[in-house]
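These notes concern the structure reproduced below.
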Amino acid sequence: MSNNQQLLKGSLSVIILKLLEEQERMYGYEITQKVKALTAGEMSITEGALYPALHKLEAEGLLTTETQVVEGRARKYYSLTKDGHTEAVSRISELGAMLENLQRLLNRGLDPLKPAI
Amino acid sequence: MTLTTDQLRAIDRHLRKDNWLLNEDLIAELADHYANAIEERMANDIPFDLALLDIHKGFGGRKGLLKMEEDYYTNQSRGYFRHFKSILGSYFRFPRLSLTVFVAIAFYLLNTTYPLFLKSIYLGGVFLVILLMSYVLAFRQLAYWHKSGVGRMALQGVNSALFIGYYSQLFLPEKLIQGFHPVFTTLICMVFFLYDMSTLELFMKYTKKRIKTA
């Protein structure tokens with residue numbers, strides 16, 4: 001697994017919640033394609049990571065599903081529950097804060113930390 | 001590019017026979033994913049077999065698929081338990097609280113008027129019907145999923161214990177039953193009522209949610 005994908009795996013649930021906040025309902029394959037398109041192919045979610053994450057979020061009551069027959073196949077659509085919407089906002093802001101801190105840490109190369117006294 | 005019936009059958013065979021998946025809902029979801037991904041690759045001139053292999057790798061091979069199915073069962077059980085708790089809780093909140101209070105008063109009055117109400121064959125009949133309905137639904141689910149998660153096993157375990165408990169008390173001496181305070185007997189009735197109504201609703205909800213595959 002590439003480093004990129006390891007980082008992605010840790011924030012996968014937030015990505016799913018964010019995408020579903022923007023689009024009312026999505027199915028698994030659509031999510032993988034959306035991530036690929038939004039990152040211009042730089043990031044891709046593996047199927048082996050996506051589905052367990054979706055099932056976990058569903059079990060936690062953050063996502064709800066509905067099945068529709070499309071082109072003769074059963075397609076499972078995921079959408080946010082009321083709790084899911086609340087959790088999405090909180091997890092997105094948490095990840096945002098963490099990324100900000102991470103960026104601060106990574107960008108302090110020219111400004112070394114003062115030694116602790 | 002739309003897949004042919006034979007290609008769709010090949011995907012189904014790949015999931016069931018080659019990779020030993022059993023869960024119908026998961027198979028249906030993954031089959032749709034495989035079909036979409038293969039269609040996209042075939043549009044870029046990648047042959048069907050190569051596309052299938054490529055997607056299979058994305059799932060982590062057979063090992064990955066089997067692990068996914070195992071996790072699916074675990075997550076489902078967690079989901080059931082969470083739902084069960086929320087249904088049970090709804091009987092203690094409005095509007096259902098009114099029903100709980102009404103049933104509790106009815107049980108209390110019946111228990112005070114007929115001290116042997118708990119041993120009544122009519123009450124036994126009502127409970128038996130509710131329990132049998134929940135069991136029929138539960139066994140349908142168990143037969144369908146082949147496996148059962150810890151949560152559902154626990155639910156069924158408690159249900160069986162209550163079932164045995166209730167019916168064994170039917171054979172308790174009448175004197176002992178008459179000695180019970182009506183509040184206690186009402187409590188027993190309410191535990192049965194709420195537990196079975198919640199179990200029944202849970203199973204009906206999940207039976208409805210199942211993916212129908214023709």
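Labels for the structure tokens follow display order: chains A, B, ..., residues from 1 in each chain, ligands from 1.
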Sorted per-residue table, chain A near chain B, closest atoms and distance, 8 Å, only C-alpha atoms, as CSV:
```
residue,atom,partner,partner_atom,distance
A:Gly28,CA,B:His33,CA,6.9
A:Tyr29,CA,B:His33,CA,5.5
A:Thr46,CA,B:Gly58,CA,5.6
A:Glu47,CA,B:Phe59,CA,5.1
A:Gly48,CA,B:Phe59,CA,4.2
A:Ala49,CA,B:Phe59,CA,7.9
A:Tyr51,CA,B:Met68,CA,7.7
A:Pro52,CA,B:Met68,CA,6.3
A:His55,CA,B:Asn75,CA,6.4
A:Lys56,CA,B:Asn75,CA,5.8
A:Glu58,CA,B:Gly79,CA,7.3
A:Ala59,CA,B:Gly79,CA,4.1
A:Glu60,CA,B:Gly79,CA,6.5
A:Gly61,CA,B:Gly79,CA,7.1
A:Glu66,CA,B:Lys209,CA,7.6
A:Thr67,CA,B:Ile211,CA,6.4
A:Arg73,CA,B:Asp32,CA,6.4
A:Ala74,CA,B:Ala28,CA,6.3
A:Arg75,CA,B:Asp32,CA,6.3
A:Lys76,CA,B:Glu29,CA,6.2
```
| message | Residues near region 84-96 of chain A, anyone? I mean within 12 Å using only C-alpha atoms, not counting same-chain ones fewer than 2 positions away, as a PyMOL selection string. | response | chain A and resi 8+10-24+57-64+78-82+98-103
| request: Record the distance separating CA of Phe48 (chain B) and CA of Ala10 (chain B), expressed in Å with one decimal. | output: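 Straight-line distance from CA of Phe48 (chain B) to CA of Ala10 (chain B) works out to 9.9 Å.
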| field | Filtered DSSP result for chain A, state alpha helix (DSSP H), as a PyMOL selection string | value | chain A and resi 3-10+12-22+28-38+47-59+82-106
Suppose we keep C-alpha atoms; can you now write the selection as a JSON list (two decimals), in the first residue's frame?
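Saved as again35.json:
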```
[["chain", "number", "residue", "atom", "x", "y", "z"],
["A", 3, "ASN", "CA", 1.89, 6.11, 1.65],
["A", 4, "ASN", "CA", -0.78, 8.11, -0.10],
["A", 5, "GLN", "CA", -3.29, 5.33, 0.35],
["A", 6, "GLN", "CA", -2.35, 4.79, 3.98],
["A", 7, "LEU", "CA", -3.08, 8.44, 4.68],
["A", 8, "LEU", "CA", -6.30, 8.19, 2.71],
["A", 9, "LYS", "CA", -7.49, 5.14, 4.64],
["A", 10, "GLY", "CA", -7.31, 7.03, 7.91],
["A", 12, "LEU", "CA", -11.84, 7.62, 4.48],
["A", 13, "SER", "CA", -14.94, 7.94, 6.64],
["A", 14, "VAL", "CA", -14.64, 11.75, 6.58],
["A", 15, "ILE", "CA", -14.28, 11.72, 2.80],
["A", 16, "ILE", "CA", -17.41, 9.58, 2.46],
["A", 17, "LEU", "CA", -19.39, 11.80, 4.82],
["A", 18, "LYS", "CA", -18.22, 14.93, 3.00],
["A", 19, "LEU", "CA", -19.16, 13.56, -0.43],
["A", 20, "LEU", "CA", -22.58, 12.50, 0.81],
["A", 21, "GLU", "CA", -23.11, 15.89, 2.32],
["A", 22, "GLU", "CA", -22.61, 17.44, -1.10],
["A", 28, "GLY", "CA", -19.99, 2.57, -3.92],
["A", 29, "TYR", "CA", -18.54, 2.73, -7.41],
["A", 30, "GLU", "CA", -19.70, 6.32, -7.80],
["A", 31, "ILE", "CA", -17.74, 7.30, -4.67],
["A", 32, "THR", "CA", -14.51, 5.77, -5.98],
["A", 33, "GLN", "CA", -14.95, 7.62, -9.29],
["A", 34, "LYS", "CA", -15.79, 10.90, -7.60],
["A", 35, "VAL", "CA", -12.63, 10.77, -5.45],
["A", 36, "LYS", "CA", -10.56, 9.97, -8.53],
["A", 37, "ALA", "CA", -12.13, 12.86, -10.46],
["A", 38, "LEU", "CA", -11.82, 15.40, -7.65],
["A", 47, "GLU", "CA", -12.64, -1.28, -3.04],
["A", 48, "GLY", "CA", -11.22, -3.29, -0.16],
["A", 49, "ALA", "CA", -11.21, -0.16, 2.01],
["A", 50, "LEU", "CA", -14.33, 1.60, 0.74],
["A", 51, "TYR", "CA", -16.99, -1.03, 1.39],
["A", 52, "PRO", "CA", -15.98, -1.90, 4.98],
["A", 53, "ALA", "CA", -15.97, 1.85, 5.71],
["A", 54, "LEU", "CA", -19.46, 2.25, 4.22],
["A", 55, "HIS", "CA", -20.80, -0.76, 6.13],
["A", 56, "LYS", "CA", -19.28, 0.54, 9.37],
["A", 57, "LEU", "CA", -20.84, 3.97, 8.93],
["A", 58, "GLU", "CA", -24.17, 2.30, 8.22],
["A", 59, "ALA", "CA", -23.88, 0.21, 11.38],
["A", 82, "LYS", "CA", -29.87, 13.00, 10.54],
["A", 83, "ASP", "CA", -27.08, 11.87, 12.89],
["A", 84, "GLY", "CA", -24.84, 11.45, 9.85],
["A", 85, "HIS", "CA", -25.26, 15.12, 8.93],
["A", 86, "THR", "CA", -24.29, 16.24, 12.43],
["A", 87, "GLU", "CA", -21.37, 13.82, 12.59],
["A", 88, "ALA", "CA", -20.18, 14.89, 9.12],
["A", 89, "VAL", "CA", -19.89, 18.52, 10.21],
["A", 90, "SER", "CA", -18.00, 17.59, 13.37],
["A", 91, "ARG", "CA", -15.64, 15.08, 11.71],
["A", 92, "ILE", "CA", -14.86, 17.45, 8.82],
["A", 93, "SER", "CA", -13.96, 20.26, 11.19],
["A", 94, "GLU", "CA", -11.87, 17.86, 13.32],
["A", 95, "LEU", "CA", -9.92, 16.68, 10.30],
["A", 96, "GLY", "CA", -9.55, 20.27, 9.11],
["A", 97, "ALA", "CA", -8.07, 21.31, 12.45],
["A", 98, "MET", "CA", -5.74, 18.33, 12.44],
["A", 99, "LEU", "CA", -4.53, 19.11, 8.91],
["A", 100, "GLU", "CA", -3.92, 22.72, 9.91],
["A", 101, "ASN", "CA", -1.81, 21.61, 12.86],
["A", 102, "LEU", "CA", 0.01, 19.10, 10.71],
["A", 103, "GLN", "CA", 0.78, 21.80, 8.17],
["A", 104, "ARG", "CA", 2.09, 24.06, 10.94],
["A", 105, "LEU", "CA", 4.36, 21.25, 12.12],
["A", 106, "LEU", "CA", 5.62, 20.44, 8.65]]
```
| query | For the atom pair CA of Gly89 (chain B) and CA of Ala104 (chain B), what is the interatomic distance in Å to one decimal place? | reply |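 Computing the Euclidean distance for CA of Gly89 (chain B) and CA of Ala104 (chain B) yields 15.7 Å.
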| said: Give me, as a PyMOL selection string, all polymer residues having an atom no more than 12 Å from Asp49 (chain B), counting only C-alpha atoms and skipping those fewer than 2 positions away in the same chain. | reply: chain B and resi 7+10-11+14+34+38-39+41-42+45-47+51-56
Could you write those residues out with C-alpha atoms, as a compact mmCIF listing (two decimals), in the first residue's frame?
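Final output, saved to result_5.txt:
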```txt
# COMPACT_ATOMS: atom_id res chain seq x y z
CA GLN B 7 -20.73 -11.71 -18.41
CA ALA B 10 -19.54 -14.79 -14.81
CA ILE B 11 -19.33 -12.02 -12.17
CA HIS B 14 -16.73 -15.30 -9.57
CA TYR B 34 -17.77 -5.22 -10.56
CA ILE B 38 -15.72 -3.75 -15.87
CA GLU B 39 -17.93 -1.69 -18.19
CA ARG B 41 -12.48 -0.79 -18.44
CA MET B 42 -14.03 -2.53 -21.43
CA ASP B 45 -10.48 -1.78 -24.72
CA ILE B 46 -9.49 -3.92 -21.76
CA PRO B 47 -10.84 -7.48 -22.17
CA ALA B 51 -10.82 -6.26 -16.10
CA LEU B 52 -12.35 -8.79 -13.71
CA LEU B 53 -8.91 -9.77 -12.44
CA ASP B 54 -7.93 -6.14 -11.96
CA ILE B 55 -11.01 -5.34 -9.87
CA HIS B 56 -10.58 -8.54 -7.91
```
| message | as a ChimeraX atom specification, please: every residue in region 23-98 of chain A that a backbone DSSP assignment puts in strand (DSSP E). | response | /A:25-27,63-70,73-80
